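Shown below: query.cif, with mmCIF, N, CA and C atoms, pLDDT in the B column; chains and numbers go by the auth columns.
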```cif
data_model
#
loop_
_atom_site.group_PDB
_atom_site.id
_atom_site.type_symbol
_atom_site.label_atom_id
_atom_site.label_comp_id
_atom_site.label_asym_id
_atom_site.label_seq_id
_atom_site.Cartn_x
_atom_site.Cartn_y
_atom_site.Cartn_z
_atom_site.B_iso_or_equiv
_atom_site.auth_seq_id
_atom_site.auth_asym_id
ATOM 1 N N MET A 1 -10.236 -3.804 -6.086 40.00 1 A
ATOM 2 C CA MET A 1 -9.399 -4.726 -5.352 40.00 1 A
ATOM 3 C C MET A 1 -10.200 -5.975 -5.026 40.00 1 A
ATOM 4 N N ARG A 2 -9.583 -7.115 -5.192 42.00 2 A
ATOM 5 C CA ARG A 2 -10.225 -8.373 -4.822 42.00 2 A
ATOM 6 C C ARG A 2 -10.206 -8.531 -3.319 42.00 2 A
ATOM 7 N N GLU A 3 -11.253 -9.099 -2.782 42.00 3 A
ATOM 8 C CA GLU A 3 -11.275 -9.362 -1.352 42.00 3 A
ATOM 9 C C GLU A 3 -10.485 -10.617 -1.072 42.00 3 A
ATOM 10 N N ASN A 4 -9.668 -10.566 -0.062 41.00 4 A
ATOM 11 C CA ASN A 4 -8.862 -11.708 0.321 41.00 4 A
ATOM 12 C C ASN A 4 -9.365 -12.207 1.664 41.00 4 A
ATOM 13 N N THR A 5 -9.864 -13.411 1.685 39.00 5 A
ATOM 14 C CA THR A 5 -10.410 -13.936 2.928 39.00 5 A
ATOM 15 C C THR A 5 -9.391 -14.762 3.698 39.00 5 A
ATOM 16 N N THR A 6 -8.229 -15.002 3.136 38.00 6 A
ATOM 17 C CA THR A 6 -7.209 -15.790 3.808 38.00 6 A
ATOM 18 C C THR A 6 -6.170 -14.867 4.407 38.00 6 A
ATOM 19 N N ALA A 7 -6.152 -14.742 5.734 38.00 7 A
ATOM 20 C CA ALA A 7 -5.175 -13.891 6.401 38.00 7 A
ATOM 21 C C ALA A 7 -3.790 -14.494 6.236 38.00 7 A
ATOM 22 N N GLY A 8 -2.785 -13.626 6.057 39.00 8 A
ATOM 23 C CA GLY A 8 -1.415 -14.081 5.939 39.00 8 A
ATOM 24 C C GLY A 8 -1.042 -14.547 4.545 39.00 8 A
ATOM 25 N N SER A 9 -1.922 -14.381 3.607 40.00 9 A
ATOM 26 C CA SER A 9 -1.650 -14.766 2.232 40.00 9 A
ATOM 27 C C SER A 9 -0.546 -13.890 1.674 40.00 9 A
ATOM 28 N N ALA A 10 0.234 -14.426 0.744 45.00 10 A
ATOM 29 C CA ALA A 10 1.337 -13.678 0.156 45.00 10 A
ATOM 30 C C ALA A 10 0.830 -12.553 -0.736 45.00 10 A
ATOM 31 N N LYS A 11 -0.370 -12.670 -1.277 59.00 11 A
ATOM 32 C CA LYS A 11 -0.907 -11.661 -2.196 59.00 11 A
ATOM 33 C C LYS A 11 -2.166 -11.055 -1.595 59.00 11 A
ATOM 34 N N GLY A 12 -2.239 -9.747 -1.546 77.00 12 A
ATOM 35 C CA GLY A 12 -3.416 -9.082 -1.002 77.00 12 A
ATOM 36 C C GLY A 12 -3.425 -9.065 0.515 77.00 12 A
ATOM 37 N N MET A 13 -4.379 -8.341 1.067 82.00 13 A
ATOM 38 C CA MET A 13 -4.501 -8.237 2.523 82.00 13 A
ATOM 39 C C MET A 13 -5.974 -8.265 2.888 82.00 13 A
ATOM 40 N N SER A 14 -6.272 -8.835 4.040 86.00 14 A
ATOM 41 C CA SER A 14 -7.652 -8.859 4.518 86.00 14 A
ATOM 42 C C SER A 14 -8.012 -7.494 5.096 86.00 14 A
ATOM 43 N N ARG A 15 -9.294 -7.259 5.278 85.00 15 A
ATOM 44 C CA ARG A 15 -9.763 -6.003 5.873 85.00 15 A
ATOM 45 C C ARG A 15 -9.169 -5.811 7.264 85.00 15 A
ATOM 46 N N GLU A 16 -9.104 -6.888 8.033 86.00 16 A
ATOM 47 C CA GLU A 16 -8.551 -6.823 9.393 86.00 16 A
ATOM 48 C C GLU A 16 -7.069 -6.461 9.361 86.00 16 A
ATOM 49 N N ASP A 17 -6.333 -7.042 8.402 84.00 17 A
ATOM 50 C CA ASP A 17 -4.915 -6.707 8.254 84.00 17 A
ATOM 51 C C ASP A 17 -4.740 -5.227 7.940 84.00 17 A
ATOM 52 N N LEU A 18 -5.567 -4.720 7.042 82.00 18 A
ATOM 53 C CA LEU A 18 -5.480 -3.310 6.642 82.00 18 A
ATOM 54 C C LEU A 18 -5.777 -2.374 7.810 82.00 18 A
ATOM 55 N N LEU A 19 -6.792 -2.690 8.576 83.00 19 A
ATOM 56 C CA LEU A 19 -7.180 -1.817 9.690 83.00 19 A
ATOM 57 C C LEU A 19 -6.180 -1.865 10.841 83.00 19 A
ATOM 58 N N ALA A 20 -5.325 -2.881 10.878 83.00 20 A
ATOM 59 C CA ALA A 20 -4.332 -3.010 11.937 83.00 20 A
ATOM 60 C C ALA A 20 -2.980 -2.388 11.569 83.00 20 A
ATOM 61 N N LEU A 21 -2.879 -1.769 10.408 82.00 21 A
ATOM 62 C CA LEU A 21 -1.612 -1.188 9.971 82.00 21 A
ATOM 63 C C LEU A 21 -1.222 0.021 10.821 82.00 21 A
ATOM 64 N N PRO A 22 0.090 0.268 10.962 83.00 22 A
ATOM 65 C CA PRO A 22 0.543 1.473 11.675 83.00 22 A
ATOM 66 C C PRO A 22 0.249 2.735 10.864 83.00 22 A
ATOM 67 N N VAL A 23 0.613 3.885 11.389 86.00 23 A
ATOM 68 C CA VAL A 23 0.314 5.185 10.780 86.00 23 A
ATOM 69 C C VAL A 23 0.882 5.314 9.364 86.00 23 A
ATOM 70 N N ALA A 24 2.052 4.781 9.131 90.00 24 A
ATOM 71 C CA ALA A 24 2.660 4.787 7.794 90.00 24 A
ATOM 72 C C ALA A 24 3.262 3.407 7.538 90.00 24 A
ATOM 73 N N VAL A 25 3.223 2.988 6.282 93.00 25 A
ATOM 74 C CA VAL A 25 3.738 1.670 5.921 93.00 25 A
ATOM 75 C C VAL A 25 4.748 1.804 4.789 93.00 25 A
ATOM 76 N N ASP A 26 5.569 0.778 4.626 93.00 26 A
ATOM 77 C CA ASP A 26 6.518 0.798 3.517 93.00 26 A
ATOM 78 C C ASP A 26 5.781 0.550 2.204 93.00 26 A
ATOM 79 N N LEU A 27 6.466 0.825 1.113 96.00 27 A
ATOM 80 C CA LEU A 27 5.840 0.714 -0.196 96.00 27 A
ATOM 81 C C LEU A 27 5.451 -0.732 -0.511 96.00 27 A
ATOM 82 N N GLU A 28 6.224 -1.687 -0.036 95.00 28 A
ATOM 83 C CA GLU A 28 5.914 -3.105 -0.263 95.00 28 A
ATOM 84 C C GLU A 28 4.546 -3.465 0.331 95.00 28 A
ATOM 85 N N THR A 29 4.279 -3.013 1.536 93.00 29 A
ATOM 86 C CA THR A 29 3.000 -3.297 2.191 93.00 29 A
ATOM 87 C C THR A 29 1.856 -2.631 1.444 93.00 29 A
ATOM 88 N N SER A 30 2.057 -1.380 1.051 95.00 30 A
ATOM 89 C CA SER A 30 1.029 -0.672 0.302 95.00 30 A
ATOM 90 C C SER A 30 0.775 -1.337 -1.049 95.00 30 A
ATOM 91 N N ASN A 31 1.834 -1.751 -1.724 96.00 31 A
ATOM 92 C CA ASN A 31 1.682 -2.458 -2.996 96.00 31 A
ATOM 93 C C ASN A 31 0.838 -3.717 -2.815 96.00 31 A
ATOM 94 N N ARG A 32 1.105 -4.453 -1.753 93.00 32 A
ATOM 95 C CA ARG A 32 0.348 -5.686 -1.489 93.00 32 A
ATOM 96 C C ARG A 32 -1.120 -5.368 -1.242 93.00 32 A
ATOM 97 N N ALA A 33 -1.398 -4.310 -0.489 92.00 33 A
ATOM 98 C CA ALA A 33 -2.781 -3.918 -0.201 92.00 33 A
ATOM 99 C C ALA A 33 -3.521 -3.527 -1.481 92.00 33 A
ATOM 100 N N LEU A 34 -2.803 -2.915 -2.409 94.00 34 A
ATOM 101 C CA LEU A 34 -3.412 -2.452 -3.653 94.00 34 A
ATOM 102 C C LEU A 34 -3.361 -3.486 -4.775 94.00 34 A
ATOM 103 N N GLY A 35 -2.676 -4.588 -4.517 93.00 35 A
ATOM 104 C CA GLY A 35 -2.561 -5.622 -5.544 93.00 35 A
ATOM 105 C C GLY A 35 -1.572 -5.259 -6.644 93.00 35 A
ATOM 106 N N LEU A 36 -0.610 -4.402 -6.313 94.00 36 A
ATOM 107 C CA LEU A 36 0.418 -3.996 -7.275 94.00 36 A
ATOM 108 C C LEU A 36 1.668 -4.843 -7.096 94.00 36 A
ATOM 109 N N GLY A 37 2.346 -5.120 -8.182 95.00 37 A
ATOM 110 C CA GLY A 37 3.631 -5.793 -8.107 95.00 37 A
ATOM 111 C C GLY A 37 4.702 -4.830 -7.627 95.00 37 A
ATOM 112 N N ARG A 38 5.817 -5.373 -7.188 94.00 38 A
ATOM 113 C CA ARG A 38 6.908 -4.561 -6.654 94.00 38 A
ATOM 114 C C ARG A 38 7.406 -3.548 -7.689 94.00 38 A
ATOM 115 N N SER A 39 7.710 -4.009 -8.878 96.00 39 A
ATOM 116 C CA SER A 39 8.257 -3.130 -9.920 96.00 39 A
ATOM 117 C C SER A 39 7.281 -2.020 -10.288 96.00 39 A
ATOM 118 N N LYS A 40 6.020 -2.372 -10.467 96.00 40 A
ATOM 119 C CA LYS A 40 5.004 -1.383 -10.843 96.00 40 A
ATOM 120 C C LYS A 40 4.827 -0.347 -9.736 96.00 40 A
ATOM 121 N N GLY A 41 4.786 -0.791 -8.476 96.00 41 A
ATOM 122 C CA GLY A 41 4.629 0.128 -7.354 96.00 41 A
ATOM 123 C C GLY A 41 5.768 1.131 -7.254 96.00 41 A
ATOM 124 N N TYR A 42 7.002 0.644 -7.399 95.00 42 A
ATOM 125 C CA TYR A 42 8.154 1.543 -7.336 95.00 42 A
ATOM 126 C C TYR A 42 8.195 2.477 -8.545 95.00 42 A
ATOM 127 N N GLU A 43 7.814 1.967 -9.700 96.00 43 A
ATOM 128 C CA GLU A 43 7.763 2.809 -10.894 96.00 43 A
ATOM 129 C C GLU A 43 6.778 3.959 -10.698 96.00 43 A
ATOM 130 N N LEU A 44 5.589 3.651 -10.191 96.00 44 A
ATOM 131 C CA LEU A 44 4.578 4.693 -9.955 96.00 44 A
ATOM 132 C C LEU A 44 5.057 5.700 -8.912 96.00 44 A
ATOM 133 N N ALA A 45 5.685 5.214 -7.847 95.00 45 A
ATOM 134 C CA ALA A 45 6.175 6.106 -6.793 95.00 45 A
ATOM 135 C C ALA A 45 7.253 7.041 -7.335 95.00 45 A
ATOM 136 N N LYS A 46 8.181 6.514 -8.129 94.00 46 A
ATOM 137 C CA LYS A 46 9.256 7.332 -8.688 94.00 46 A
ATOM 138 C C LYS A 46 8.730 8.398 -9.640 94.00 46 A
ATOM 139 N N ARG A 47 7.664 8.079 -10.373 95.00 47 A
ATOM 140 C CA ARG A 47 7.067 9.036 -11.317 95.00 47 A
ATOM 141 C C ARG A 47 6.125 10.013 -10.643 95.00 47 A
ATOM 142 N N GLY A 48 5.813 9.795 -9.363 94.00 48 A
ATOM 143 C CA GLY A 48 4.853 10.650 -8.675 94.00 48 A
ATOM 144 C C GLY A 48 3.426 10.314 -9.052 94.00 48 A
ATOM 145 N N ALA A 49 3.199 9.093 -9.536 96.00 49 A
ATOM 146 C CA ALA A 49 1.879 8.681 -10.010 96.00 49 A
ATOM 147 C C ALA A 49 1.254 7.585 -9.142 96.00 49 A
ATOM 148 N N TYR A 50 1.794 7.373 -7.947 97.00 50 A
ATOM 149 C CA TYR A 50 1.226 6.360 -7.047 97.00 50 A
ATOM 150 C C TYR A 50 -0.191 6.797 -6.675 97.00 50 A
ATOM 151 N N PRO A 51 -1.137 5.874 -6.527 95.00 51 A
ATOM 152 C CA PRO A 51 -2.535 6.269 -6.317 95.00 51 A
ATOM 153 C C PRO A 51 -2.855 6.918 -4.967 95.00 51 A
ATOM 154 N N CYS A 52 -1.909 6.948 -4.045 93.00 52 A
ATOM 155 C CA CYS A 52 -2.120 7.699 -2.798 93.00 52 A
ATOM 156 C C CYS A 52 -0.789 8.360 -2.415 93.00 52 A
ATOM 157 N N LYS A 53 -0.815 9.191 -1.380 92.00 53 A
ATOM 158 C CA LYS A 53 0.354 9.987 -1.013 92.00 53 A
ATOM 159 C C LYS A 53 1.521 9.107 -0.579 92.00 53 A
ATOM 160 N N VAL A 54 2.683 9.380 -1.180 95.00 54 A
ATOM 161 C CA VAL A 54 3.918 8.668 -0.856 95.00 54 A
ATOM 162 C C VAL A 54 4.925 9.680 -0.324 95.00 54 A
ATOM 163 N N LEU A 55 5.536 9.357 0.798 94.00 55 A
ATOM 164 C CA LEU A 55 6.579 10.197 1.380 94.00 55 A
ATOM 165 C C LEU A 55 7.931 9.593 1.050 94.00 55 A
ATOM 166 N N ARG A 56 8.887 10.413 0.672 93.00 56 A
ATOM 167 C CA ARG A 56 10.236 9.936 0.399 93.00 56 A
ATOM 168 C C ARG A 56 11.098 10.306 1.593 93.00 56 A
ATOM 169 N N LEU A 57 11.620 9.302 2.286 91.00 57 A
ATOM 170 C CA LEU A 57 12.466 9.516 3.458 91.00 57 A
ATOM 171 C C LEU A 57 13.828 8.899 3.172 91.00 57 A
ATOM 172 N N GLY A 58 14.764 9.716 2.733 91.00 58 A
ATOM 173 C CA GLY A 58 16.060 9.189 2.318 91.00 58 A
ATOM 174 C C GLY A 58 15.869 8.310 1.098 91.00 58 A
ATOM 175 N N ASN A 59 16.287 7.058 1.205 89.00 59 A
ATOM 176 C CA ASN A 59 16.119 6.108 0.106 89.00 59 A
ATOM 177 C C ASN A 59 14.827 5.310 0.218 89.00 59 A
ATOM 178 N N ALA A 60 14.064 5.546 1.259 93.00 60 A
ATOM 179 C CA ALA A 60 12.855 4.752 1.512 93.00 60 A
ATOM 180 C C ALA A 60 11.591 5.516 1.147 93.00 60 A
ATOM 181 N N TYR A 61 10.591 4.769 0.742 95.00 61 A
ATOM 182 C CA TYR A 61 9.257 5.323 0.486 95.00 61 A
ATOM 183 C C TYR A 61 8.341 4.877 1.614 95.00 61 A
ATOM 184 N N ARG A 62 7.470 5.774 2.062 95.00 62 A
ATOM 185 C CA ARG A 62 6.461 5.447 3.068 95.00 62 A
ATOM 186 C C ARG A 62 5.122 5.964 2.567 95.00 62 A
ATOM 187 N N VAL A 63 4.082 5.189 2.836 95.00 63 A
ATOM 188 C CA VAL A 63 2.723 5.552 2.442 95.00 63 A
ATOM 189 C C VAL A 63 1.922 5.801 3.711 95.00 63 A
ATOM 190 N N VAL A 64 1.216 6.922 3.756 92.00 64 A
ATOM 191 C CA VAL A 64 0.376 7.256 4.894 92.00 64 A
ATOM 192 C C VAL A 64 -0.831 6.312 4.888 92.00 64 A
ATOM 193 N N THR A 65 -0.991 5.554 5.949 90.00 65 A
ATOM 194 C CA THR A 65 -2.031 4.528 6.013 90.00 65 A
ATOM 195 C C THR A 65 -3.422 5.128 5.864 90.00 65 A
ATOM 196 N N ALA A 66 -3.666 6.307 6.432 91.00 66 A
ATOM 197 C CA ALA A 66 -4.987 6.938 6.310 91.00 66 A
ATOM 198 C C ALA A 66 -5.352 7.158 4.844 91.00 66 A
ATOM 199 N N ASP A 67 -4.388 7.612 4.047 93.00 67 A
ATOM 200 C CA ASP A 67 -4.633 7.816 2.611 93.00 67 A
ATOM 201 C C ASP A 67 -4.908 6.493 1.907 93.00 67 A
ATOM 202 N N LEU A 68 -4.177 5.468 2.282 92.00 68 A
ATOM 203 C CA LEU A 68 -4.364 4.140 1.700 92.00 68 A
ATOM 204 C C LEU A 68 -5.761 3.607 2.024 92.00 68 A
ATOM 205 N N LEU A 69 -6.188 3.760 3.269 90.00 69 A
ATOM 206 C CA LEU A 69 -7.514 3.280 3.669 90.00 69 A
ATOM 207 C C LEU A 69 -8.632 4.057 2.967 90.00 69 A
ATOM 208 N N ILE A 70 -8.448 5.347 2.784 93.00 70 A
ATOM 209 C CA ILE A 70 -9.432 6.155 2.044 93.00 70 A
ATOM 210 C C ILE A 70 -9.541 5.646 0.609 93.00 70 A
ATOM 211 N N LEU A 71 -8.402 5.416 -0.023 92.00 71 A
ATOM 212 C CA LEU A 71 -8.393 4.910 -1.392 92.00 71 A
ATOM 213 C C LEU A 71 -9.123 3.566 -1.505 92.00 71 A
ATOM 214 N N LEU A 72 -8.961 2.731 -0.492 89.00 72 A
ATOM 215 C CA LEU A 72 -9.582 1.407 -0.497 89.00 72 A
ATOM 216 C C LEU A 72 -11.028 1.425 0.026 89.00 72 A
ATOM 217 N N GLY A 73 -11.507 2.599 0.437 90.00 73 A
ATOM 218 C CA GLY A 73 -12.865 2.715 0.931 90.00 73 A
ATOM 219 C C GLY A 73 -13.060 2.136 2.324 90.00 73 A
ATOM 220 N N LEU A 74 -11.999 2.137 3.118 85.00 74 A
ATOM 221 C CA LEU A 74 -12.071 1.571 4.476 85.00 74 A
ATOM 222 C C LEU A 74 -11.898 2.626 5.563 85.00 74 A
ATOM 223 N N ALA A 75 -11.908 3.898 5.193 76.00 75 A
ATOM 224 C CA ALA A 75 -11.734 4.966 6.187 76.00 75 A
ATOM 225 C C ALA A 75 -12.944 5.015 7.113 76.00 75 A
ATOM 226 N N ALA A 76 -12.661 5.283 8.375 62.00 76 A
ATOM 227 C CA ALA A 76 -13.738 5.333 9.369 62.00 76 A
ATOM 228 C C ALA A 76 -14.472 6.650 9.325 62.00 76 A
#
```

I'd like the structure from this file rewritten - as structure tokens, please.
Amino acid sequence: MRENTTAGSAKGMSREDLLALPVAVDLETSNRALGLGRSKGYELAKRGAYPCKVLRLGNAYRVVTADLLILLGLAA
């Protein structure tokens, strides 16, 4: 993942942004953190091939932030 030093940028997330995330995030937020496009992220989630744990809640996908941070090497 490329480091993004500009907070609030449309692409990517800063370390501070990542550490401030709630317990679970929507797939769009996780895709942005991982540098994935919307279509690719949803495709991976539907196939069960997303790089971290994805929960399916009705029609929505949620990603456990702890798993996302571990994948990105930011776990405490």

Length of the atom N of Leu74 (chain A) to CA of Arg32 (chain A) vector [Å]: 15.3 Å

Interatomic distance (Å, one decimal) between CA of Val64 (chain A) and CA of Cys52 (chain A):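 Distance between the two atoms: 8.1 Å.
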
How would you write, as a ChimeraX atom specification, the set of residues in chain A that DSSP gives as helix (DSSP H, G or I)? /A:15-19,27-34,38-47,65-71

Could you list, as a PyMOL selection string, every residue matched by the PyMOL selection byres ((chain A and resi 24) around 7) in this structure? chain A and resi 21-23+25-26+62-66

Just checking: using all atoms listed in the file, which residue out of A:Leu44, A:Ala60, A:Met13, A:Leu72 ends up closest to Leu27 (chain A)? A:Ala60

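Here atom N of Ala75 (chain A) and CA of Gly58 (chain A) stand 28.6 Å from one another.
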
Using the chain letters and numbers from this document, which residues of chain A does DSSP assign to strand (DSSP E), as a list in words? Ala24, Val25, Asp26, Val54, Leu55, Arg56, Leu57, Ala60, Tyr61, Arg62, Val63 and Val64 of chain A

Because the input lacks atoms here, generate N, CA, C and O atoms for region 25-46 of chain A and report them as a compact mmCIF listing (two decimals), in the frame of the given file.
```txt
# COMPACT_ATOMS: atom_id res chain seq x y z
N VAL A 25 3.22 2.99 6.28
CA VAL A 25 3.74 1.67 5.92
C VAL A 25 4.75 1.80 4.79
O VAL A 25 4.77 2.81 4.07
N ASP A 26 5.57 0.78 4.63
CA ASP A 26 6.52 0.80 3.52
C ASP A 26 5.78 0.55 2.20
O ASP A 26 4.62 0.15 2.19
N LEU A 27 6.47 0.82 1.11
CA LEU A 27 5.84 0.71 -0.20
C LEU A 27 5.45 -0.73 -0.51
O LEU A 27 4.43 -0.98 -1.14
N GLU A 28 6.22 -1.69 -0.04
CA GLU A 28 5.91 -3.10 -0.26
C GLU A 28 4.55 -3.46 0.33
O GLU A 28 3.75 -4.14 -0.31
N THR A 29 4.28 -3.01 1.54
CA THR A 29 3.00 -3.30 2.19
C THR A 29 1.86 -2.63 1.44
O THR A 29 0.82 -3.24 1.20
N SER A 30 2.06 -1.38 1.05
CA SER A 30 1.03 -0.67 0.30
C SER A 30 0.78 -1.34 -1.05
O SER A 30 -0.38 -1.49 -1.47
N ASN A 31 1.83 -1.75 -1.72
CA ASN A 31 1.68 -2.46 -3.00
C ASN A 31 0.84 -3.72 -2.82
O ASN A 31 -0.05 -4.00 -3.62
N ARG A 32 1.10 -4.45 -1.75
CA ARG A 32 0.35 -5.69 -1.49
C ARG A 32 -1.12 -5.37 -1.24
O ARG A 32 -2.01 -6.04 -1.75
N ALA A 33 -1.40 -4.31 -0.49
CA ALA A 33 -2.78 -3.92 -0.20
C ALA A 33 -3.52 -3.53 -1.48
O ALA A 33 -4.72 -3.78 -1.61
N LEU A 34 -2.80 -2.92 -2.41
CA LEU A 34 -3.41 -2.45 -3.65
C LEU A 34 -3.36 -3.49 -4.78
O LEU A 34 -3.92 -3.27 -5.85
N GLY A 35 -2.68 -4.59 -4.52
CA GLY A 35 -2.56 -5.62 -5.54
C GLY A 35 -1.57 -5.26 -6.64
O GLY A 35 -1.68 -5.73 -7.77
N LEU A 36 -0.61 -4.40 -6.31
CA LEU A 36 0.42 -4.00 -7.28
C LEU A 36 1.67 -4.84 -7.10
O LEU A 36 2.03 -5.20 -5.97
N GLY A 37 2.35 -5.12 -8.18
CA GLY A 37 3.63 -5.79 -8.11
C GLY A 37 4.70 -4.83 -7.63
O GLY A 37 4.53 -3.60 -7.68
N ARG A 38 5.82 -5.37 -7.19
CA ARG A 38 6.91 -4.56 -6.65
C ARG A 38 7.41 -3.55 -7.69
O ARG A 38 7.53 -2.36 -7.39
N SER A 39 7.71 -4.01 -8.88
CA SER A 39 8.26 -3.13 -9.92
C SER A 39 7.28 -2.02 -10.29
O SER A 39 7.66 -0.85 -10.40
N LYS A 40 6.02 -2.37 -10.47
CA LYS A 40 5.00 -1.38 -10.84
C LYS A 40 4.83 -0.35 -9.74
O LYS A 40 4.73 0.85 -9.99
N GLY A 41 4.79 -0.79 -8.48
CA GLY A 41 4.63 0.13 -7.35
C GLY A 41 5.77 1.13 -7.25
O GLY A 41 5.55 2.33 -7.08
N TYR A 42 7.00 0.64 -7.40
CA TYR A 42 8.15 1.54 -7.34
C TYR A 42 8.20 2.48 -8.54
O TYR A 42 8.55 3.65 -8.42
N GLU A 43 7.81 1.97 -9.70
CA GLU A 43 7.76 2.81 -10.89
C GLU A 43 6.78 3.96 -10.70
O GLU A 43 7.09 5.13 -10.99
N LEU A 44 5.59 3.65 -10.19
CA LEU A 44 4.58 4.69 -9.96
C LEU A 44 5.06 5.70 -8.91
O LEU A 44 4.86 6.91 -9.07
N ALA A 45 5.68 5.21 -7.85
CA ALA A 45 6.18 6.11 -6.79
C ALA A 45 7.25 7.04 -7.34
O ALA A 45 7.24 8.25 -7.06
N LYS A 46 8.18 6.51 -8.13
CA LYS A 46 9.26 7.33 -8.69
C LYS A 46 8.73 8.40 -9.64
O LYS A 46 9.26 9.50 -9.70
```
